[in-house]
file coords.cif (mmCIF, C-alpha atoms)
data_structure
loop_
_atom_site.label_atom_id
_atom_site.label_comp_id
_atom_site.auth_asym_id
_atom_site.auth_seq_id
_atom_site.Cartn_x
_atom_site.Cartn_y
_atom_site.Cartn_z
CA MET A 1 7.53 -64.94 16.72
CA ASN A 2 10.44 -63.42 14.86
CA ILE A 3 8.13 -62.58 11.95
CA GLN A 4 5.63 -60.90 14.30
CA ARG A 5 8.35 -58.88 15.98
CA SER A 6 9.73 -57.82 12.61
CA SER A 7 6.29 -56.76 11.44
CA THR A 8 5.72 -54.81 14.64
CA THR A 9 9.07 -53.07 14.27
CA ILE A 10 8.27 -52.06 10.68
CA LYS A 11 4.88 -50.66 11.70
CA ALA A 12 6.46 -48.69 14.51
CA SER A 13 9.07 -47.27 12.14
CA VAL A 14 6.44 -46.26 9.60
CA ILE A 15 4.39 -44.53 12.30
CA ALA A 16 7.45 -42.72 13.62
CA ILE A 17 8.44 -41.52 10.16
CA SER A 18 4.88 -40.41 9.42
CA LEU A 19 4.73 -38.44 12.64
CA ALA A 20 8.07 -36.82 11.86
CA VAL A 21 6.87 -35.79 8.41
CA ILE A 22 3.62 -34.39 9.84
CA VAL A 23 5.50 -32.40 12.45
CA SER A 24 7.94 -31.09 9.84
CA PHE A 25 5.13 -29.92 7.56
CA SER A 26 3.32 -28.38 10.52
CA VAL A 27 6.39 -26.38 11.42
CA LEU A 28 6.95 -25.41 7.79
CA PHE A 29 3.37 -24.21 7.30
CA SER A 30 3.51 -22.42 10.62
CA ILE A 31 6.59 -20.53 9.45
CA GLU A 32 4.93 -19.74 6.09
CA ALA A 33 1.82 -18.50 7.87
CA THR A 34 3.68 -16.15 10.17
CA ALA A 35 6.48 -15.11 7.76
CA PHE A 36 4.40 -12.30 6.27
CA SER A 37 2.21 -11.25 9.13
CA GLN A 38 1.44 -7.59 9.74
CA GLY A 39 4.54 -5.45 9.22
CA THR A 40 7.10 -4.23 6.66
CA TYR A 41 9.62 -6.38 4.81
CA LEU A 42 12.49 -5.78 2.43
CA GLY A 43 13.17 -8.29 -0.36
CA SER A 44 15.56 -8.74 -3.28
CA THR A 45 14.31 -8.27 -6.83
CA GLU A 46 15.13 -10.70 -9.61
CA THR A 47 14.89 -9.28 -13.13
CA TYR A 48 14.21 -10.99 -16.46
CA TYR A 49 14.29 -9.98 -20.10
CA ARG A 50 12.40 -13.17 -20.99
CA ASN A 51 8.98 -13.87 -19.56
CA PRO A 52 9.87 -16.21 -16.64
CA VAL A 53 6.48 -17.92 -16.96
CA THR A 54 6.53 -18.66 -20.71
CA GLY A 55 10.21 -18.18 -21.59
CA VAL A 56 9.21 -15.85 -24.43
CA ILE A 57 10.90 -12.49 -25.12
CA GLU A 58 8.05 -10.00 -25.47
CA ASP A 59 10.26 -6.97 -26.06
CA GLN A 60 10.54 -5.87 -29.70
CA GLY A 61 14.35 -6.02 -29.43
CA GLY A 62 14.10 -9.82 -29.66
CA GLU A 63 16.89 -12.35 -29.24
CA GLN A 64 19.57 -10.07 -30.68
CA SER A 65 18.95 -7.52 -27.89
CA ILE A 66 19.24 -9.90 -24.93
CA ALA A 67 22.51 -8.44 -23.62
CA ILE A 68 21.44 -4.81 -23.73
CA GLY A 69 17.90 -5.76 -22.63
CA GLU A 70 19.06 -7.58 -19.51
CA GLY A 71 21.45 -4.74 -18.71
CA MET A 72 18.68 -2.21 -19.12
CA VAL A 73 16.30 -4.14 -16.83
CA ARG A 74 18.93 -4.60 -14.13
CA SER A 75 19.91 -0.92 -14.23
CA CYS A 76 16.29 0.27 -14.20
CA VAL A 77 14.74 -2.00 -11.52
CA HIS A 78 16.11 -1.38 -8.03
CA PRO A 79 17.75 -4.44 -6.40
CA THR A 80 15.29 -4.35 -3.47
CA ALA A 81 11.52 -3.96 -3.06
CA LEU A 82 9.27 -3.18 -0.10
CA LEU A 83 6.50 -5.50 1.07
CA GLU A 84 3.84 -4.08 3.43
CA VAL A 85 1.23 -6.24 5.14
CA ASP A 86 -1.72 -4.63 6.93
CA ALA A 87 -3.83 -5.98 9.79
CA GLU A 88 -6.19 -7.76 7.38
CA GLY A 89 -3.30 -9.58 5.73
CA ASN A 90 -3.40 -7.56 2.51
CA HIS A 91 -0.02 -7.47 0.76
CA TYR A 92 1.38 -4.41 -1.03
CA LEU A 93 4.63 -4.43 -2.99
CA THR A 94 6.59 -1.26 -3.77
CA ALA A 95 9.08 -1.39 -6.64
CA ARG A 96 11.61 1.31 -7.42
CA LEU A 97 12.65 2.31 -10.94
CA HIS A 98 15.80 4.25 -11.77
CA MET A 99 16.40 6.49 -14.83
CA ALA A 100 13.05 8.14 -14.09
CA ASP A 101 14.06 11.22 -16.08
CA SER A 102 14.49 9.09 -19.20
CA ILE A 103 11.39 6.88 -19.01
CA GLU A 104 7.66 7.44 -19.38
CA GLY A 105 4.47 5.47 -19.90
CA ILE A 106 5.32 3.14 -16.99
CA ASN A 107 2.91 0.23 -16.56
CA PHE A 108 2.83 -2.95 -14.46
CA MET A 109 0.84 -6.13 -15.02
CA LEU A 110 0.81 -9.04 -12.56
CA SER A 111 0.68 -12.83 -12.73
CA ASP A 112 0.21 -15.27 -9.87
CA GLY A 113 0.82 -18.22 -12.17
CA GLY A 114 -1.93 -17.51 -14.68
CA GLU A 115 -2.74 -14.73 -17.11
CA PHE A 116 -1.33 -11.25 -16.48
CA TYR A 117 -3.76 -8.64 -15.15
CA GLN A 118 -3.48 -4.88 -14.71
CA ALA A 119 -1.88 -3.68 -11.46
CA ASP A 120 -3.46 -0.92 -9.36
CA MET A 121 -0.47 1.44 -9.26
CA THR A 122 0.25 4.28 -6.82
CA VAL A 123 3.37 6.50 -6.87
CA THR A 124 4.76 6.78 -3.33
CA GLN A 125 8.03 8.59 -3.97
CA GLU A 126 9.58 10.48 -6.87
CA GLY A 127 12.78 12.49 -7.32
CA ASN A 128 16.55 12.15 -7.73
CA ASN A 129 15.94 10.22 -10.95
CA ILE A 130 13.93 7.46 -9.20
CA ILE A 131 10.25 6.63 -8.86
CA ASP A 132 8.62 4.24 -6.33
CA ILE A 133 5.39 2.53 -7.34
CA ARG A 134 3.18 0.53 -4.94
CA PHE A 135 0.58 -2.05 -5.99
CA PRO A 136 -1.39 -4.78 -4.17
CA ILE A 137 -0.39 -8.42 -4.74
CA THR A 138 -2.07 -11.67 -3.74
CA ASP A 139 1.07 -13.77 -3.57
CA GLU A 140 4.65 -13.01 -2.57
CA ASN A 141 5.74 -14.94 -5.69
CA THR A 142 3.83 -12.60 -8.01
CA VAL A 143 5.62 -11.94 -11.32
CA VAL A 144 5.54 -8.34 -12.57
CA ARG A 145 5.46 -7.53 -16.28
CA GLY A 146 6.75 -4.02 -16.78
CA SER A 147 6.57 -1.83 -19.86
CA MET A 148 7.74 1.72 -20.51
CA TYR A 149 9.15 4.05 -23.14
CA VAL A 150 12.92 4.55 -22.75
CA ALA A 151 14.00 7.82 -24.37
CA PRO A 152 17.72 6.97 -24.80
CA MET A 153 16.71 3.79 -26.67
CA GLY A 154 13.97 5.55 -28.61
CA ARG A 155 11.38 2.80 -28.10
CA ASP A 156 9.10 0.93 -25.70
CA VAL A 157 10.66 -1.82 -23.61
CA VAL A 158 9.04 -4.90 -22.00
CA TYR A 159 10.66 -6.65 -19.02
CA PHE A 160 9.82 -8.76 -15.95
CA PHE A 161 10.77 -8.99 -12.27
CA LYS A 162 9.71 -10.47 -8.94
CA ALA A 163 10.80 -10.08 -5.31
CA SER A 164 11.80 -12.75 -2.80
CA GLY A 165 13.95 -13.42 0.28
CA PHE A 166 12.06 -10.95 2.45
CA VAL A 167 13.47 -9.86 5.82
CA GLU A 168 12.05 -7.49 8.39
CA GLY A 169 12.74 -3.89 7.42
CA ARG A 170 11.83 -1.05 5.07
CA GLY A 171 15.16 0.34 3.84
CA ASP A 172 14.83 3.84 2.37
CA PHE A 173 11.31 3.26 1.01
CA ASN A 174 8.27 5.24 2.12
CA ALA A 175 6.01 2.85 4.06
CA GLU A 176 2.47 4.23 3.74
CA ILE A 177 0.30 1.21 4.52
CA ASP A 178 -1.12 1.05 8.05
CA THR A 179 0.69 -1.88 9.67
CA GLY A 180 -0.49 -1.00 13.17
CA GLY A 181 2.92 0.31 14.10
CA VAL A 182 4.52 -3.08 13.50
CA THR A 183 7.87 -2.09 12.00
CA GLY A 184 11.48 -3.01 12.45
CA GLU A 185 14.82 -2.95 10.70
CA SER A 186 16.88 -6.10 10.78
CA GLU A 187 20.61 -6.21 10.15
CA GLU A 188 19.88 -8.20 6.99
CA ALA A 189 17.63 -5.38 5.72
CA ALA A 190 20.29 -2.75 6.40
CA ALA A 191 22.87 -4.85 4.54
CA LEU A 192 20.45 -5.29 1.62
CA THR A 193 19.90 -1.54 1.42
CA ASP A 194 23.62 -0.74 1.32
CA SER A 195 24.30 -3.47 -1.23
CA ALA A 196 21.36 -2.40 -3.39
CA ARG A 197 22.47 1.23 -3.43
CA SER A 198 25.95 0.28 -4.63
CA ALA A 199 24.67 -2.24 -7.18
CA SER A 200 22.10 0.16 -8.64
CA GLU A 201 24.69 2.92 -9.07
CA LYS A 202 27.03 0.56 -10.94
CA ALA A 203 24.22 -0.85 -13.08
CA GLU A 204 22.87 2.58 -13.98
CA SER A 205 26.35 3.82 -14.86
CA GLY A 206 26.98 0.71 -16.97
CA MET A 207 23.68 1.12 -18.79
CA LYS A 208 24.42 4.78 -19.51
CA LYS A 209 27.75 3.80 -21.05
CA THR A 210 26.07 1.10 -23.13
CA VAL A 211 23.38 3.48 -24.39
CA ASP A 212 25.97 6.20 -25.10
CA ALA A 213 28.09 3.72 -27.06
CA LYS A 214 25.01 2.56 -28.98
CA ASN A 215 24.00 6.14 -29.78
CA LYS A 216 27.57 7.01 -30.79
CA LYS A 217 27.72 4.05 -33.17
CA GLU A 218 24.35 4.95 -34.67
CA GLN A 219 25.52 8.56 -35.12
CA GLN A 220 28.73 7.36 -36.77
CA ASN A 221 26.69 5.22 -39.14
CA LYS A 222 24.47 8.22 -39.93
CA ASP A 223 27.50 10.43 -40.51
CA LYS A 224 29.06 7.74 -42.70
CA GLY A 225 25.82 7.48 -44.66
CA LYS A 226 25.75 11.25 -45.14
CA LYS A 227 29.41 11.23 -46.21
CA ASP A 228 28.80 8.40 -48.66
CA THR A 229 25.84 10.29 -50.09
CA LYS A 230 27.91 13.47 -50.32
CA ASP A 231 30.79 11.59 -51.96
CA LYS A 232 28.39 10.05 -54.44
CA GLY A 233 27.05 13.52 -55.16
CA LYS A 234 30.54 14.86 -55.73
CA LYS A 235 31.38 11.90 -57.94
CA GLY A 236 28.22 12.53 -59.88
CA GLU A 237 29.11 16.17 -60.27
CA ASN A 238 32.66 15.26 -61.34
CA ASP A 239 31.33 12.70 -63.80
CA LYS A 240 28.91 15.30 -65.07
CA GLY A 241 31.74 17.83 -65.36
CA SER A 242 33.94 15.34 -67.19
CA LYS A 243 31.10 14.51 -69.52
CA GLN A 244 30.47 18.19 -70.11
CA GLU A 245 34.16 18.75 -70.82
CA LYS A 246 34.09 15.89 -73.32
CA ASN A 247 30.99 17.33 -74.93
CA ASP A 248 32.61 20.80 -75.06
CA THR A 249 35.74 19.32 -76.63
CA LYS A 250 33.61 17.40 -79.09
CA ASN A 251 31.61 20.51 -79.90
CA LYS A 252 34.79 22.55 -80.35
CA SER A 253 36.16 19.86 -82.60
CA SER A 254 32.94 19.77 -84.56
CA LYS A 255 32.95 23.55 -84.88
CA GLY A 256 36.58 23.46 -86.04
CA VAL A 257 35.76 20.90 -88.68
CA LEU A 258 32.74 22.92 -89.75
CA VAL A 259 34.81 26.08 -90.07
CA TYR A 260 37.48 24.21 -91.98
CA VAL A 261 34.94 22.70 -94.36
CA THR A 262 33.13 26.01 -94.75
CA GLY A 263 36.44 27.76 -95.47
CA GLY A 264 37.33 25.08 -98.01
CA VAL A 265 34.02 25.39 -99.79
CA ALA A 266 34.35 29.17 -99.84
CA ALA A 267 37.84 28.88 -101.33
CA VAL A 268 36.61 26.48 -104.00
CA LEU A 269 33.72 28.77 -104.87
CA LEU A 270 36.01 31.78 -104.98
CA ALA A 271 38.44 29.97 -107.26
CA ALA A 272 35.63 28.83 -109.49
CA GLY A 273 34.27 32.36 -109.64
CA GLY A 274 37.69 33.76 -110.57
CA THR A 275 38.11 31.24 -113.36
CA TYR A 276 34.66 32.02 -114.71
CA VAL A 277 35.40 35.75 -114.79
CA TYR A 278 38.74 35.15 -116.50
CA PHE A 279 37.23 33.14 -119.34
CA ARG A 280 34.35 35.59 -119.77
CA ARG A 281 36.76 38.48 -120.14
CA LYS A 282 38.89 36.53 -122.55
CA ARG A 283 35.88 35.98 -124.77
CA GLY A 284 35.02 39.61 -124.51
CA LYS A 285 31.91 39.32 -122.55
CA PHE A 286 33.10 41.99 -120.07
#
call {"tool": "encode", "arguments": {"input": "coords.cif", "output": "structure tokens"}}
result
Amino acid sequence: MNIQRSSTTIKASVIAISLAVIVSFSVLFSIEATAFSQGTYLGSTETYYRNPVTGVIEDQGGEQSIAIGEGMVRSCVHPTALLEVDAEGNHYLTARLHMADSIEGINFMLSDGGEFYQADMTVTQEGNNIIDIRFPITDENTVVRGSMYVAPMGRDVVYFFKASGFVEGRGDFNAEIDTGGVTGESEEAAALTDSARSASEKAESGMKKTVDAKNKKEQQNKDKGKKDTKDKGKKGENDKGSKQEKNDTKNKSSKGVLVYVTGGVAAVLLAAGGTYVYFRRKRGKF
């Protein structure tokens, strides 16, 4: 009897736990299903210099440029992104890039866990050194691979980002997708907008200082290289001058010796001539 009761108790516990798990998953999936229903949402962006899927750095700066690369990505990609969901459940993400006056050739590719594919990009807002770009996504966890030419760095840059933690709202983005009038602005969205504005200003300022310092150092190296070349040229000219002076001195010395020898020979010839004349006269030849 005790064994039977124990067995019955165990079965009852297993059933209760199973039901609890089923209910929990049902609630979870219900939340997931309704979390991104028709409407507008504001999320936080997370940036990467490495490919978050493969862990590989695809930017030509490589490992040695991680610090400046991560700083560049954070200063360029706005801290928040807009998610719009229409009546059919189609999702559209809008990302904002800063430093728009210094970048060109902007391109986005997307990955939902597999290979990256080309994004269908639409510019929704441009001005004040920013540009907003909207593109359809199939998953709120979509990873974006961005590439662009950054003028201050003088090269193309490859980076990654994704958005998460969405709350109801639109911030200061232009919402252009028809959401059937389903909009709203939560306190969390307003706080995200204020925080993002402050963070982006600091990041952009920091990146400008970094780029300016990099350009200054490169210019100093160029100036130093020019100075070294100029100094080498002067040294070469000085060496050439010194060599010329030595040659001139040598030539002068050689000329002096030649004159001295020539004078000596002339004197000897003159003396010999005088002696010859003297003896000829003495013998009565003249």
call {"tool": "resolve_selection", "arguments": {"input": "coords.cif", "expression": "the PyMOL selection byres ((chain A and resi 38-42) around 10)", "output": "number ranges by chain"}}
result
A: 34-37, 43-45, 80-94, 163-173, 175, 177-186, 188-190, 192-193
call {"tool": "closest_residue", "arguments": {"input": "coords.cif", "among": "A:Val77, A:Val123, A:Ile130, A:Ala196", "to": "Ser147 (chain A)", "atoms": "only C-alpha atoms"}}
result
A:Val77
call {"tool": "resolve_selection", "arguments": {"input": "coords.cif", "expression": "the PyMOL selection byres ((chain A and resi 121) around 12)", "output": "list in words"}}
result
Tyr92, Leu93, Thr94, Ala95, Ile106, Asn107, Phe108, Met109, Leu110, Gln118, Ala119, Asp120, Thr122, Val123, Thr124, Ile131, Asp132, Ile133, Arg134, Phe135, Pro136, Ile137, Val144 and Gly146 of chain A
call {"tool": "atom_distance", "arguments": {"input": "coords.cif", "atom1": "CA of Thr138 (chain A)", "atom2": "CA of Ser111 (chain A)"}}
result
9.5 Å
call {"tool": "atom_distance", "arguments": {"input": "coords.cif", "atom1": "CA of Val150 (chain A)", "atom2": "CA of Tyr48 (chain A)"}}
result
16.8 Å
call {"tool": "atom_distance", "arguments": {"input": "coords.cif", "atom1": "CA of Gln60 (chain A)", "atom2": "CA of Gly127 (chain A)"}}
result
29.0 Å
